[in-house]
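Some notes on the structure that comes next.
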Amino acid sequence: MNGAAVDWALGAAMATVAVIAGRQLRSRFTADSAAHLVMALGMAVMALPGGGLVPGPALRLGFGALAALLAAVRFRHAVMFGIMALMAGTGQAAMPGMTMAGFAGGGGPSPLLLAAFGYTCVFALVLGWRLPAAEDQSGHSCEIVMLVSTAVMLLPML
């Protein structure tokens, strides 16, 4: 699979999450649906060529502020916004061929990036396992798609 196919697949995943979250917001407003919509839009902006219309430092600051705001209320969403802030700190989109030498300090991937990748993979598996018992299955599904998409966007950074 080439980089363009990955970009299109990520775009389709983000569009799907945005549509589901938007539909949920129209029927009843929940913090989870709002967070999913913001995450999907933020990931889509980061996936645009050249980082999109919003510069990396502004995205990083915005995602960091959302992480701090949600830390006490929705810890799992705070962690995801923190990971997105880390990803936005590169100033470029998470595309194949991108390197993170600034974060890795030279020899290999940074422990922080490895931890972010591990978190997204393990938490996606946990949510997938718990999906049949979830009260809000579409919300859980959105989270799983966001986690897998984040893991895919982190891969070129490792």
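Scheme for the structure tokens: letters A, B, ... for chains in order shown; per-chain residue numbers from 1; ligand numbers from 1 in order shown.
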
Write out as a PyMOL selection string the residues lying within 8 Å of range 137-140 of chain A, counting only C-alpha atoms and excluding same-chain residues fewer than 2 positions away. chain A and resi 20-21+32-33+127-128+131-132+134-135+142-144

Just write the chosen residues, C-alpha atoms, as a PDB file, in the first residue's frame.
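Resulting contents of out.pdb:
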ATOM      1  CA  ILE A  20     -21.205   9.612  13.340  1.00  0.00           C
ATOM      2  CA  ALA A  21     -20.197  12.194  15.957  1.00  0.00           C
ATOM      3  CA  ASP A  32     -17.831  12.304  24.085  1.00  0.00           C
ATOM      4  CA  SER A  33     -19.445  13.129  20.742  1.00  0.00           C
ATOM      5  CA  LEU A 127     -12.411  -1.133  23.505  1.00  0.00           C
ATOM      6  CA  GLY A 128     -12.975  -3.640  20.714  1.00  0.00           C
ATOM      7  CA  LEU A 131     -17.751  -3.224  22.367  1.00  0.00           C
ATOM      8  CA  PRO A 132     -20.580  -5.808  22.610  1.00  0.00           C
ATOM      9  CA  ALA A 134     -20.977  -0.992  25.565  1.00  0.00           C
ATOM     10  CA  GLU A 135     -23.986   1.206  26.185  1.00  0.00           C
ATOM     11  CA  CYS A 142     -15.648   6.047  16.886  1.00  0.00           C
ATOM     12  CA  GLU A 143     -13.025   5.759  19.598  1.00  0.00           C
ATOM     13  CA  ILE A 144     -11.684   2.527  18.105  1.00  0.00           C
TER      14      ILE A 144
END

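The list of residues with at least one atom within 9 Å of Ser149 in chain A, based on only C-alpha atoms and without residues fewer than 6 positions apart in the same chain, reads Ala9, Leu10, Ala13, Met14, Met43 and Thr120 of chain A.
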
Taking N, CA and C atoms for each residue, export the selection above as a PDB file, in the first residue's frame.
ATOM      1  N   ALA A   9      -7.394   6.289   3.041  1.00  0.00           N
ATOM      2  CA  ALA A   9      -8.020   5.460   4.076  1.00  0.00           C
ATOM      3  C   ALA A   9      -8.179   6.248   5.380  1.00  0.00           C
ATOM      4  N   LEU A  10      -7.150   7.014   5.758  1.00  0.00           N
ATOM      5  CA  LEU A  10      -7.251   7.848   6.954  1.00  0.00           C
ATOM      6  C   LEU A  10      -8.331   8.915   6.785  1.00  0.00           C
ATOM      7  N   ALA A  13     -11.667   7.285   7.215  1.00  0.00           N
ATOM      8  CA  ALA A  13     -11.902   6.980   8.629  1.00  0.00           C
ATOM      9  C   ALA A  13     -12.302   8.239   9.389  1.00  0.00           C
ATOM     10  N   MET A  14     -11.605   9.339   9.148  1.00  0.00           N
ATOM     11  CA  MET A  14     -11.918  10.588   9.850  1.00  0.00           C
ATOM     12  C   MET A  14     -13.291  11.125   9.433  1.00  0.00           C
ATOM     13  N   MET A  43      -7.382  15.508  13.356  1.00  0.00           N
ATOM     14  CA  MET A  43      -6.574  14.506  12.650  1.00  0.00           C
ATOM     15  C   MET A  43      -6.617  14.754  11.143  1.00  0.00           C
ATOM     16  N   THR A 120      -2.285   3.514  21.976  1.00  0.00           N
ATOM     17  CA  THR A 120      -3.348   3.497  20.969  1.00  0.00           C
ATOM     18  C   THR A 120      -3.684   2.070  20.552  1.00  0.00           C
TER      19      THR A 120
END

So that I can check the secondary structure, give me every residue of chain A assigned helix (DSSP H, G or I) by backbone DSSP, as a PyMOL selection string. chain A and resi 3-27+31-47+49-51+56-70+75-88+101-104+111-133+137-157

Dump C-alpha atoms for the selected residues as a short mmCIF file (atom, residue, chain, number, x, y, z; two decimals), in the first residue's frame?
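Listing of out00.cif after writing:
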data_model
loop_
_atom_site.label_atom_id
_atom_site.label_comp_id
_atom_site.auth_asym_id
_atom_site.auth_seq_id
_atom_site.Cartn_x
_atom_site.Cartn_y
_atom_site.Cartn_z
CA GLY A 3 1.25 6.69 0.90
CA ALA A 4 -1.69 7.98 -1.14
CA ALA A 5 -3.78 4.91 -0.31
CA VAL A 6 -3.02 5.35 3.39
CA ASP A 7 -3.96 9.03 3.16
CA TRP A 8 -7.29 8.19 1.53
CA ALA A 9 -8.02 5.46 4.08
CA LEU A 10 -7.25 7.85 6.95
CA GLY A 11 -9.43 10.51 5.34
CA ALA A 12 -12.30 8.05 4.99
CA ALA A 13 -11.90 6.98 8.63
CA MET A 14 -11.92 10.59 9.85
CA ALA A 15 -14.95 11.43 7.69
CA THR A 16 -16.79 8.42 9.11
CA VAL A 17 -16.04 9.44 12.69
CA ALA A 18 -17.05 13.04 11.96
CA VAL A 19 -20.38 11.95 10.45
CA ILE A 20 -21.21 9.61 13.34
CA ALA A 21 -20.20 12.19 15.96
CA GLY A 22 -22.15 14.91 14.15
CA ARG A 23 -25.27 12.74 14.04
CA GLN A 24 -24.92 11.99 17.73
CA LEU A 25 -24.53 15.68 18.52
CA ARG A 26 -27.73 16.50 16.64
CA SER A 27 -29.75 13.94 18.59
CA ALA A 31 -18.96 15.57 25.69
CA ASP A 32 -17.83 12.30 24.09
CA SER A 33 -19.44 13.13 20.74
CA ALA A 34 -18.01 16.65 20.78
CA ALA A 35 -14.54 15.29 21.58
CA HIS A 36 -14.79 12.70 18.79
CA LEU A 37 -15.79 15.39 16.29
CA VAL A 38 -12.91 17.68 17.33
CA MET A 39 -10.46 14.75 17.21
CA ALA A 40 -11.60 13.74 13.73
CA LEU A 41 -11.33 17.30 12.42
CA GLY A 42 -7.92 17.76 14.07
CA MET A 43 -6.57 14.51 12.65
CA ALA A 44 -7.88 15.45 9.21
CA VAL A 45 -6.10 18.82 9.42
CA MET A 46 -2.86 17.09 10.43
CA ALA A 47 -3.17 14.63 7.55
CA PRO A 49 -0.32 17.90 2.80
CA GLY A 50 1.97 20.47 4.38
CA GLY A 51 0.06 20.40 7.66
CA GLY A 56 1.73 22.93 13.74
CA PRO A 57 2.46 25.10 16.81
CA ALA A 58 -1.15 26.35 16.89
CA LEU A 59 -2.48 22.80 16.61
CA ARG A 60 -0.09 21.66 19.31
CA LEU A 61 -1.22 24.44 21.64
CA GLY A 62 -4.91 23.77 20.93
CA PHE A 63 -4.62 20.02 21.44
CA GLY A 64 -2.55 20.56 24.58
CA ALA A 65 -5.17 22.93 26.00
CA LEU A 66 -7.94 20.40 25.28
CA ALA A 67 -5.87 17.67 26.94
CA ALA A 68 -5.44 19.79 30.06
CA LEU A 69 -9.13 20.73 30.09
CA LEU A 70 -10.29 17.11 29.80
CA PHE A 75 -8.90 10.97 30.95
CA ARG A 76 -8.88 8.78 27.83
CA HIS A 77 -9.80 11.78 25.66
CA ALA A 78 -7.16 13.89 27.42
CA VAL A 79 -4.54 11.26 26.55
CA MET A 80 -5.64 11.24 22.91
CA PHE A 81 -5.45 15.04 22.67
CA GLY A 82 -2.01 14.84 24.29
CA ILE A 83 -0.89 12.34 21.65
CA MET A 84 -2.32 14.60 18.95
CA ALA A 85 -0.37 17.53 20.44
CA LEU A 86 2.78 15.42 20.26
CA MET A 87 2.05 14.56 16.64
CA ALA A 88 1.28 18.18 15.73
CA ALA A 101 14.62 12.98 14.76
CA GLY A 102 13.81 16.05 16.84
CA PHE A 103 11.83 13.96 19.29
CA ALA A 104 13.92 10.82 19.09
CA PRO A 111 10.13 6.40 24.36
CA LEU A 112 7.26 8.90 24.38
CA LEU A 113 6.30 8.01 20.79
CA LEU A 114 6.60 4.31 21.54
CA ALA A 115 4.35 4.76 24.59
CA ALA A 116 1.81 6.69 22.49
CA PHE A 117 1.81 3.97 19.84
CA GLY A 118 1.47 1.24 22.45
CA TYR A 119 -1.37 3.06 24.19
CA THR A 120 -3.35 3.50 20.97
CA CYS A 121 -2.94 -0.14 19.97
CA VAL A 122 -3.72 -1.65 23.38
CA PHE A 123 -6.64 0.66 24.12
CA ALA A 124 -8.17 -0.03 20.68
CA LEU A 125 -8.02 -3.76 21.45
CA VAL A 126 -9.57 -3.25 24.90
CA LEU A 127 -12.41 -1.13 23.50
CA GLY A 128 -12.97 -3.64 20.71
CA TRP A 129 -13.21 -6.43 23.26
CA ARG A 130 -15.69 -4.43 25.36
CA LEU A 131 -17.75 -3.22 22.37
CA PRO A 132 -20.58 -5.81 22.61
CA ALA A 133 -21.28 -4.74 26.22
CA GLN A 137 -21.67 1.21 20.64
CA SER A 138 -21.35 3.89 17.96
CA GLY A 139 -19.35 6.09 20.37
CA HIS A 140 -17.07 3.17 21.22
CA SER A 141 -16.69 2.44 17.51
CA CYS A 142 -15.65 6.05 16.89
CA GLU A 143 -13.03 5.76 19.60
CA ILE A 144 -11.68 2.53 18.10
CA VAL A 145 -11.41 4.11 14.64
CA MET A 146 -9.66 7.17 16.13
CA LEU A 147 -7.21 4.96 18.04
CA VAL A 148 -6.36 2.81 15.01
CA SER A 149 -6.02 5.90 12.79
CA THR A 150 -3.72 7.50 15.35
CA ALA A 151 -1.59 4.37 15.45
CA VAL A 152 -1.35 4.43 11.65
CA MET A 153 -0.32 8.10 11.71
CA LEU A 154 2.29 7.35 14.39
CA LEU A 155 3.90 4.51 12.43
CA PRO A 156 6.01 6.71 10.13
CA MET A 157 7.25 8.58 13.20
#
